[in-house]
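Below is one structure, written out as structure tokens; comments come after it.
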Amino acid sequence: MRKPLSVLQAFQEDADGVNARATDFAPQLLDWVAAAQLACDLAAHTSESADLAADRIARLLTQDPLLRELAAQRPTMVRDGSPPPSDPIGLVAERLRVMAEAMEQGGCFELALTTVSAVCRITAGADPVSHSLATLHLGRITRQMSDFESAEDCYRSAISYARHSREPPIAARGFIGLALVQDMRGNLPASARHYRQALRLAPPGGGAWVQAHQGLMSIAVVSDKLGDALEHGWAIYDHTDSDADARASALGELAIVALKAGFPESARQGFTHALGLTASPRIRVTIWGGDVRAAAVLGDHDATMRAADELRREAASANLPYESALGSLRVAEALRTLGRDDEAVAELDTVRAIAQAHRFHELVWRADELEHAVRAAAPQPKFVEQLHSTVSTRSKNRRLRTAVARFATLG
């Protein structure tokens, strides 16, 4: 993995990106720079004895305004089923990683990389659990930067530690990371295998357990195994009443199942409800990608264009290259459904430009496949008729209709 940038270099790289995206993160950037600098300063004292380092950090936890503000927050990458850390090093590691997650949400990956790399140095040799969680976090950052090899190294390192120390929840997180890398490479069988490994190791109802179900549900949707998708989706929904983002993701996927089953009106109801649950750009872009297709299936041109505009806006403002490319592919599919073939082909150029720059090979292949179908004037089968070839009548009558009926119970 390449050496992380200095704080000032990382700030310059990310600030340029923020300006290019015309987003207003100026107030947050100052806090993020301060957090990154604090992490690097603490990492510079790793040669101190463990007692001296702990004393220094304990004082900072009570005196530093930035760290005090984060006292009630935890990062998403935690050891599921365990309480928060009580030792000073574990506490400061979590609080700095909370800031790093905010940087990721803002698309400032260089600052996040610099911060979490410093956290890895702070925790090395002092707190193995916090170190392994920081390593997993580093894997997530590098994966989002399309450095898949470094991400895999981080995930495998954490899995190795977890196996040696008998820490199944941490191993589960590592397998989730490997699954996501394989998913982005387009290797769905390998991705599904890693998700199943994670599901076996994850504490039920925890973050990794939810992610494993989410991943397996997504793969089932892509593979037209709609019954399996429903089981995973409602399992997530029923176990995430206190996690709005997880519920939004699950409902978005369930709405896609409804769309594939030939119920676009119900699907749009699901997408609309899911959008009201979350402010996460990554999740919202995915949901808009479903809504744009549902609106097109219904022949609603205005709703399709509105969804496409919202998708592009949110993906661009949050610096989400994979989601941007996949979202553009969804827009192209919707345009083709509406019979706007020239616009669909133009949209596919956007897909390829992003996908080739970030090595999203599967998306390049899917864009080429769709363009070939458009240029060959291949007939587009009606949505419901297409589904009859992949879904049995019994399954559709029982499992799919039950799932669609649940949308009506949402507030």
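Naming scheme: A, B, ... for chains in displayed order of the structure tokens; residues 1 onward per chain; ligands 1 onward as shown.
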Quick one: everything within 12 Å of Arg352 in chain A, counting only C-alpha atoms, minus sequence neighbours fewer than 2 positions away in the same chain. Send it as a ChimeraX atom specification. /A:321-322,324-329,332,345-350,354-371
Using DSSP on the backbone, list every residue of range 23-249 of chain A that comes out as alpha helix (DSSP H), and give them as an MDAnalysis selection string. chainID A and resid 26:43 50:63 65:69 88:105 109:123 128:144 148:165 168:185 188:201 207:222 226:238 244:249
Determine, counting only C-alpha atoms, which protein, DNA and RNA residues have an atom within 12 Å of an atom of His301 in chain A; residues of the same chain fewer than 3 positions away are not included. Present the result as a ChimeraX atom specification. /A:292-298,304-308,331,334-340
Same residues, all heavy atoms, output as a CSV table (one decimal), in the first residue's frame:
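After the write, selection-v9.csv holds the following:
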chain,number,residue,atom,x,y,z
A,292,VAL,N,-35.4,5.2,-10.6
A,292,VAL,CA,-35.4,5.7,-12.0
A,292,VAL,C,-35.9,4.6,-13.0
A,292,VAL,O,-36.6,4.9,-14.0
A,292,VAL,CB,-33.9,6.2,-12.4
A,292,VAL,CG1,-33.0,5.0,-12.6
A,292,VAL,CG2,-34.0,7.0,-13.7
A,293,ARG,N,-35.5,3.4,-12.7
A,293,ARG,CA,-36.0,2.3,-13.5
A,293,ARG,C,-37.5,2.0,-13.3
A,293,ARG,O,-38.2,1.7,-14.2
A,293,ARG,CB,-35.2,1.0,-13.2
A,293,ARG,CG,-33.8,1.1,-13.8
A,293,ARG,CD,-33.0,-0.2,-13.4
A,293,ARG,NE,-32.7,-0.3,-12.0
A,293,ARG,CZ,-32.4,-1.4,-11.4
A,293,ARG,NH1,-32.2,-2.5,-12.0
A,293,ARG,NH2,-32.1,-1.4,-10.1
A,294,ALA,N,-38.0,2.1,-12.0
A,294,ALA,CA,-39.4,1.9,-11.8
A,294,ALA,C,-40.3,2.9,-12.5
A,294,ALA,O,-41.3,2.6,-13.1
A,294,ALA,CB,-39.7,1.9,-10.3
A,295,ALA,N,-39.8,4.2,-12.4
A,295,ALA,CA,-40.6,5.2,-13.1
A,295,ALA,C,-40.6,5.0,-14.6
A,295,ALA,O,-41.6,5.2,-15.3
A,295,ALA,CB,-39.9,6.6,-12.8
A,296,ALA,N,-39.5,4.5,-15.2
A,296,ALA,CA,-39.4,4.2,-16.6
A,296,ALA,C,-40.4,3.1,-17.0
A,296,ALA,O,-41.0,3.1,-18.0
A,296,ALA,CB,-38.0,3.9,-17.0
A,297,VAL,N,-40.4,2.0,-16.2
A,297,VAL,CA,-41.3,0.9,-16.4
A,297,VAL,C,-42.7,1.4,-16.5
A,297,VAL,O,-43.6,0.9,-17.3
A,297,VAL,CB,-41.1,-0.2,-15.4
A,297,VAL,CG1,-42.2,-1.3,-15.5
A,297,VAL,CG2,-39.7,-0.9,-15.6
A,298,LEU,N,-43.1,2.4,-15.6
A,298,LEU,CA,-44.4,2.9,-15.6
A,298,LEU,C,-44.7,3.9,-16.7
A,298,LEU,O,-45.8,4.4,-16.8
A,298,LEU,CB,-44.7,3.6,-14.2
A,298,LEU,CG,-44.8,2.6,-13.0
A,298,LEU,CD1,-44.8,3.4,-11.7
A,298,LEU,CD2,-46.1,1.8,-13.1
A,304,THR,N,-39.0,9.9,-14.2
A,304,THR,CA,-37.7,9.2,-14.6
A,304,THR,C,-36.6,10.3,-14.7
A,304,THR,O,-35.5,10.1,-14.1
A,304,THR,CB,-37.8,8.5,-16.0
A,304,THR,OG1,-38.8,7.5,-15.9
A,304,THR,CG2,-36.5,7.9,-16.4
A,305,MET,N,-36.8,11.4,-15.3
A,305,MET,CA,-35.8,12.4,-15.4
A,305,MET,C,-35.5,13.1,-14.0
A,305,MET,O,-34.3,13.4,-13.8
A,305,MET,CB,-36.3,13.5,-16.4
A,305,MET,CG,-36.4,13.1,-17.8
A,305,MET,SD,-34.9,12.4,-18.5
A,305,MET,CE,-35.2,10.7,-18.5
A,306,ARG,N,-36.5,13.2,-13.2
A,306,ARG,CA,-36.2,13.8,-11.9
A,306,ARG,C,-35.3,12.8,-11.0
A,306,ARG,O,-34.4,13.2,-10.4
A,306,ARG,CB,-37.5,14.0,-11.1
A,306,ARG,CG,-38.3,15.2,-11.5
A,306,ARG,CD,-39.4,15.6,-10.5
A,306,ARG,NE,-40.3,14.5,-10.3
A,306,ARG,CZ,-41.4,14.4,-11.0
A,306,ARG,NH1,-41.7,15.3,-12.0
A,306,ARG,NH2,-42.3,13.4,-10.8
A,307,ALA,N,-35.6,11.5,-11.1
A,307,ALA,CA,-34.8,10.5,-10.4
A,307,ALA,C,-33.4,10.5,-10.9
A,307,ALA,O,-32.4,10.4,-10.2
A,307,ALA,CB,-35.5,9.2,-10.5
A,308,ALA,N,-33.3,10.6,-12.3
A,308,ALA,CA,-31.9,10.6,-12.9
A,308,ALA,C,-31.1,11.8,-12.4
A,308,ALA,O,-29.9,11.7,-12.1
A,308,ALA,CB,-32.0,10.6,-14.4
A,331,VAL,N,-29.6,4.7,-15.3
A,331,VAL,CA,-30.2,5.7,-16.1
A,331,VAL,C,-30.3,5.3,-17.5
A,331,VAL,O,-31.3,5.5,-18.2
A,331,VAL,CB,-29.5,7.1,-15.9
A,331,VAL,CG1,-30.0,8.1,-16.9
A,331,VAL,CG2,-29.6,7.6,-14.5
A,334,ALA,N,-33.0,2.9,-17.9
A,334,ALA,CA,-34.3,3.6,-17.9
A,334,ALA,C,-34.6,4.3,-19.2
A,334,ALA,O,-35.8,4.2,-19.7
A,334,ALA,CB,-34.3,4.5,-16.7
A,335,LEU,N,-33.6,5.0,-19.8
A,335,LEU,CA,-33.8,5.7,-21.0
A,335,LEU,C,-34.2,4.7,-22.1
A,335,LEU,O,-35.0,5.0,-23.0
A,335,LEU,CB,-32.5,6.5,-21.4
A,335,LEU,CG,-32.3,7.7,-20.5
A,335,LEU,CD1,-30.8,8.2,-20.7
A,335,LEU,CD2,-33.3,8.8,-20.7
A,336,ARG,N,-33.5,3.5,-22.1
A,336,ARG,CA,-33.9,2.6,-23.2
A,336,ARG,C,-35.3,2.1,-23.0
A,336,ARG,O,-36.0,1.9,-24.0
A,336,ARG,CB,-32.9,1.4,-23.1
A,336,ARG,CG,-33.1,0.4,-24.3
A,336,ARG,CD,-32.4,-0.9,-24.2
A,336,ARG,NE,-32.8,-1.7,-25.4
A,336,ARG,CZ,-32.9,-3.0,-25.4
A,336,ARG,NH1,-32.6,-3.7,-24.3
A,336,ARG,NH2,-33.2,-3.6,-26.5
A,337,THR,N,-35.7,1.9,-21.7
A,337,THR,CA,-37.1,1.5,-21.5
A,337,THR,C,-38.1,2.5,-22.0
A,337,THR,O,-39.1,2.1,-22.6
A,337,THR,CB,-37.3,1.3,-20.0
A,337,THR,OG1,-36.4,0.3,-19.5
A,337,THR,CG2,-38.8,0.9,-19.7
A,338,LEU,N,-37.7,3.8,-22.0
A,338,LEU,CA,-38.6,4.8,-22.5
A,338,LEU,C,-38.5,5.0,-24.0
A,338,LEU,O,-39.1,5.8,-24.6
A,338,LEU,CB,-38.3,6.2,-21.8
A,338,LEU,CG,-38.6,6.3,-20.3
A,338,LEU,CD1,-38.1,7.6,-19.8
A,338,LEU,CD2,-40.1,6.2,-20.1
A,339,GLY,N,-37.6,4.2,-24.6
A,339,GLY,CA,-37.4,4.3,-26.1
A,339,GLY,C,-36.5,5.4,-26.5
A,339,GLY,O,-36.4,5.8,-27.7
A,340,ARG,N,-35.7,6.0,-25.6
A,340,ARG,CA,-34.8,7.1,-25.9
A,340,ARG,C,-33.4,6.5,-26.1
A,340,ARG,O,-32.5,6.7,-25.3
A,340,ARG,CB,-34.8,8.2,-24.8
A,340,ARG,CG,-36.2,8.7,-24.5
A,340,ARG,CD,-36.3,9.5,-23.3
A,340,ARG,NE,-35.6,10.8,-23.4
A,340,ARG,CZ,-36.2,12.0,-23.5
A,340,ARG,NH1,-37.5,12.0,-23.6
A,340,ARG,NH2,-35.5,13.1,-23.6
Hey, which of A:Arg375, A:Arg166, A:Arg95, A:Arg56 ends up closest to Arg74 in chain A? Count only C-alpha atoms.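 Distance minimum relative to Arg74 in chain A lands on A:Arg95.
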Calculated over only C-alpha atoms, which of the candidates A:Gly227, A:Pro203, A:Gly107, A:Pro75 has the smallest distance to Pro168 in chain A?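 Counting only C-alpha atoms, the residue closest to Pro168 in chain A is A:Pro203.
Every protein or nucleic acid residue with an atom no more than 8 Å from range 181-189 of chain A, counting only C-alpha atoms and leaving out same-chain residues fewer than 2 positions away, appears here: Arg143, Phe148, Ala151, Glu152, Gly177, Leu178, Ala179, Ser191, Ala192, Arg193, Ile219, Arg359, Phe360, His361 and Glu362 of chain A.
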Once you have the residues from the selection above, write them out as a compact mmCIF listing (two decimals), in the first residue's frame, restricted to N, CA, C and O atoms.
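Written output follows (out_33.txt):
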# COMPACT_ATOMS: atom_id res chain seq x y z
N ARG A 143 -10.27 0.50 -0.41
CA ARG A 143 -11.21 -0.10 -1.38
C ARG A 143 -11.99 0.99 -2.10
O ARG A 143 -12.19 0.92 -3.32
N PHE A 148 -7.60 -2.04 -4.69
CA PHE A 148 -8.15 -3.31 -4.22
C PHE A 148 -7.11 -4.21 -3.58
O PHE A 148 -7.40 -4.94 -2.63
N ALA A 151 -6.53 -3.08 -0.08
CA ALA A 151 -7.72 -3.39 0.72
C ALA A 151 -7.72 -4.87 1.11
O ALA A 151 -7.96 -5.21 2.28
N GLU A 152 -7.43 -5.74 0.16
CA GLU A 152 -7.40 -7.17 0.47
C GLU A 152 -6.33 -7.49 1.50
O GLU A 152 -6.55 -8.31 2.40
N GLY A 177 -15.32 -7.40 4.01
CA GLY A 177 -14.45 -6.58 3.16
C GLY A 177 -14.02 -7.33 1.91
O GLY A 177 -14.06 -6.77 0.80
N LEU A 178 -13.60 -8.58 2.07
CA LEU A 178 -13.19 -9.37 0.90
C LEU A 178 -14.36 -9.55 -0.07
O LEU A 178 -14.19 -9.50 -1.29
N ALA A 179 -15.56 -9.75 0.48
CA ALA A 179 -16.74 -9.90 -0.38
C ALA A 179 -16.99 -8.63 -1.19
O ALA A 179 -17.29 -8.69 -2.39
N SER A 191 -17.70 -13.42 -4.10
CA SER A 191 -18.32 -12.49 -3.16
C SER A 191 -19.33 -13.20 -2.28
O SER A 191 -19.33 -13.04 -1.06
N ALA A 192 -20.19 -14.02 -2.88
CA ALA A 192 -21.20 -14.75 -2.11
C ALA A 192 -20.55 -15.69 -1.11
O ALA A 192 -21.02 -15.84 0.02
N ARG A 193 -19.46 -16.34 -1.52
CA ARG A 193 -18.76 -17.26 -0.62
C ARG A 193 -18.24 -16.52 0.63
O ARG A 193 -18.39 -17.00 1.76
N ILE A 219 -26.84 -10.01 -4.31
CA ILE A 219 -26.44 -11.03 -5.27
C ILE A 219 -27.65 -11.84 -5.72
O ILE A 219 -27.81 -12.18 -6.90
N ARG A 359 -11.23 0.93 -12.84
CA ARG A 359 -11.08 -0.53 -13.00
C ARG A 359 -12.31 -1.30 -12.53
O ARG A 359 -12.21 -2.37 -11.94
N PHE A 360 -13.48 -0.76 -12.81
CA PHE A 360 -14.73 -1.47 -12.53
C PHE A 360 -15.07 -2.29 -13.78
O PHE A 360 -15.96 -1.94 -14.57
N HIS A 361 -14.38 -3.40 -13.96
CA HIS A 361 -14.44 -4.13 -15.23
C HIS A 361 -15.84 -4.65 -15.54
O HIS A 361 -16.26 -4.65 -16.71
N GLU A 362 -16.55 -5.08 -14.51
CA GLU A 362 -17.88 -5.63 -14.76
C GLU A 362 -18.81 -4.56 -15.33
O GLU A 362 -19.62 -4.83 -16.21
Report as a PyMOL selection string all protein, DNA and RNA residues lying within 8 Å of range 273-283 of chain A, evaluated on only C-alpha atoms, omitting residues in the same chain fewer than 6 positions from it. chain A and resi 105+244-245+247-249+251-252+314-315+318+320+323+410-411
With distances taken over only C-alpha atoms, which residue among A:Ala171, A:Ala102, A:Ala71, A:Val78 lies nearest Gln28 in chain A?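 Of A:Ala171, A:Ala102, A:Ala71, A:Val78, the one nearest Gln28 in chain A is A:Ala102, counting only C-alpha atoms.
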Please provide the set of residues having any atom within 9 Å of Asp228 in chain A, restricted to only C-alpha atoms, with same-chain residues fewer than 5 positions apart removed, written as a compact mmCIF listing (two decimals) with C-alpha atoms, in the first residue's frame.
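Saved file out34.txt follows:
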# COMPACT_ATOMS: atom_id res chain seq x y z
CA LEU A 216 -26.31 -11.96 -0.23
CA MET A 217 -29.59 -10.19 -0.94
CA ALA A 220 -29.75 -12.89 -5.14
CA VAL A 221 -31.48 -9.92 -6.80
CA GLY A 233 -34.16 -8.45 3.01
Pairwise distance for CA of Asp64 in chain A and CA of Gly17 in chain A, rounded to one decimal in Å: 28.9 Å
Could you check which of A:Ala198, A:Val92, A:Ala36, A:Met145 is closest to Leu60 in chain A, using only C-alpha atoms?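 The shortest atom-to-atom distance to Leu60 in chain A comes from A:Val92.
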With only C-alpha atoms as the counted atoms, please give the residues lying no more than 8 Å from range 116-121 of chain A, apart from itself and same-chain residues fewer than 5 positions off, as a PyMOL selection string. chain A and resi 4+39-40+42-43+46+93+96-97+100+131+134-135+137-138
Okay, now the selection with N, CA, C and O atoms, as a short mmCIF file (atom, residue, chain, number, x, y, z; two decimals), in the first residue's frame?
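Dumped to out_2.cif:
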data_model
loop_
_atom_site.label_atom_id
_atom_site.label_comp_id
_atom_site.auth_asym_id
_atom_site.auth_seq_id
_atom_site.Cartn_x
_atom_site.Cartn_y
_atom_site.Cartn_z
N PRO A 4 0.75 6.95 3.15
CA PRO A 4 -0.26 8.02 3.21
C PRO A 4 0.39 9.39 3.09
O PRO A 4 1.56 9.58 3.45
N ALA A 39 -4.12 12.87 15.12
CA ALA A 39 -3.77 11.46 14.99
C ALA A 39 -2.30 11.28 14.66
O ALA A 39 -1.61 10.43 15.24
N CYS A 40 -1.80 12.09 13.74
CA CYS A 40 -0.39 11.98 13.36
C CYS A 40 0.53 12.37 14.52
O CYS A 40 1.60 11.77 14.72
N LEU A 42 -0.12 12.03 17.73
CA LEU A 42 -0.12 10.92 18.69
C LEU A 42 0.70 9.75 18.17
O LEU A 42 1.42 9.09 18.93
N ALA A 43 0.60 9.48 16.87
CA ALA A 43 1.36 8.38 16.29
C ALA A 43 2.86 8.62 16.38
O ALA A 43 3.66 7.68 16.47
N THR A 46 4.65 7.01 19.42
CA THR A 46 4.45 5.57 19.67
C THR A 46 5.66 4.91 20.31
O THR A 46 5.54 3.80 20.82
N ALA A 93 -8.79 5.84 19.62
CA ALA A 93 -8.83 5.21 18.30
C ALA A 93 -10.23 5.29 17.71
O ALA A 93 -10.41 5.63 16.54
N LEU A 96 -11.19 9.05 16.77
CA LEU A 96 -10.53 9.50 15.55
C LEU A 96 -11.13 8.82 14.33
O LEU A 96 -11.25 9.42 13.25
N ARG A 97 -11.52 7.57 14.48
CA ARG A 97 -12.13 6.88 13.34
C ARG A 97 -13.54 7.39 13.06
O ARG A 97 -14.01 7.31 11.92
N ALA A 100 -12.79 10.06 10.80
CA ALA A 100 -12.40 9.52 9.50
C ALA A 100 -13.62 9.09 8.69
O ALA A 100 -13.65 9.25 7.46
N HIS A 131 -6.40 -2.19 17.00
CA HIS A 131 -5.52 -2.18 15.83
C HIS A 131 -6.15 -2.95 14.67
O HIS A 131 -6.10 -2.49 13.52
N ALA A 134 -8.93 -0.87 13.21
CA ALA A 134 -8.37 0.22 12.40
C ALA A 134 -7.85 -0.31 11.07
O ALA A 134 -7.97 0.35 10.03
N THR A 135 -7.28 -1.50 11.10
CA THR A 135 -6.79 -2.12 9.87
C THR A 135 -7.96 -2.41 8.91
O THR A 135 -7.86 -2.17 7.70
N HIS A 137 -10.75 -0.77 8.88
CA HIS A 137 -11.19 0.55 8.43
C HIS A 137 -10.29 1.05 7.30
O HIS A 137 -10.76 1.60 6.30
N LEU A 138 -8.99 0.81 7.44
CA LEU A 138 -8.05 1.20 6.39
C LEU A 138 -8.36 0.46 5.09
O LEU A 138 -8.28 1.01 3.99
#
Between A:Gln144, A:Gln63, A:Ser266, A:Ser6, which residue has the minimum interatomic distance to Glu104 in chain A, considering only C-alpha atoms?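 Under the stated criterion, the closest residue is A:Gln144.
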Among listed residues A:Ile287, A:Leu180, A:Ala377, A:Val222, nearest Ala250 in chain A (using only C-alpha atoms):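 Comparing A:Ile287, A:Leu180, A:Ala377, A:Val222 against Ala250 in chain A, the winner is A:Ile287.
Relative to CA of Glu13 in chain A, CA of Leu67 in chain A is found at 24.7 Å.
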Just give me the gap between CA of Leu230 in chain A and CA of Val351 in chain A in Å, one decimal is fine. 29.1 Å
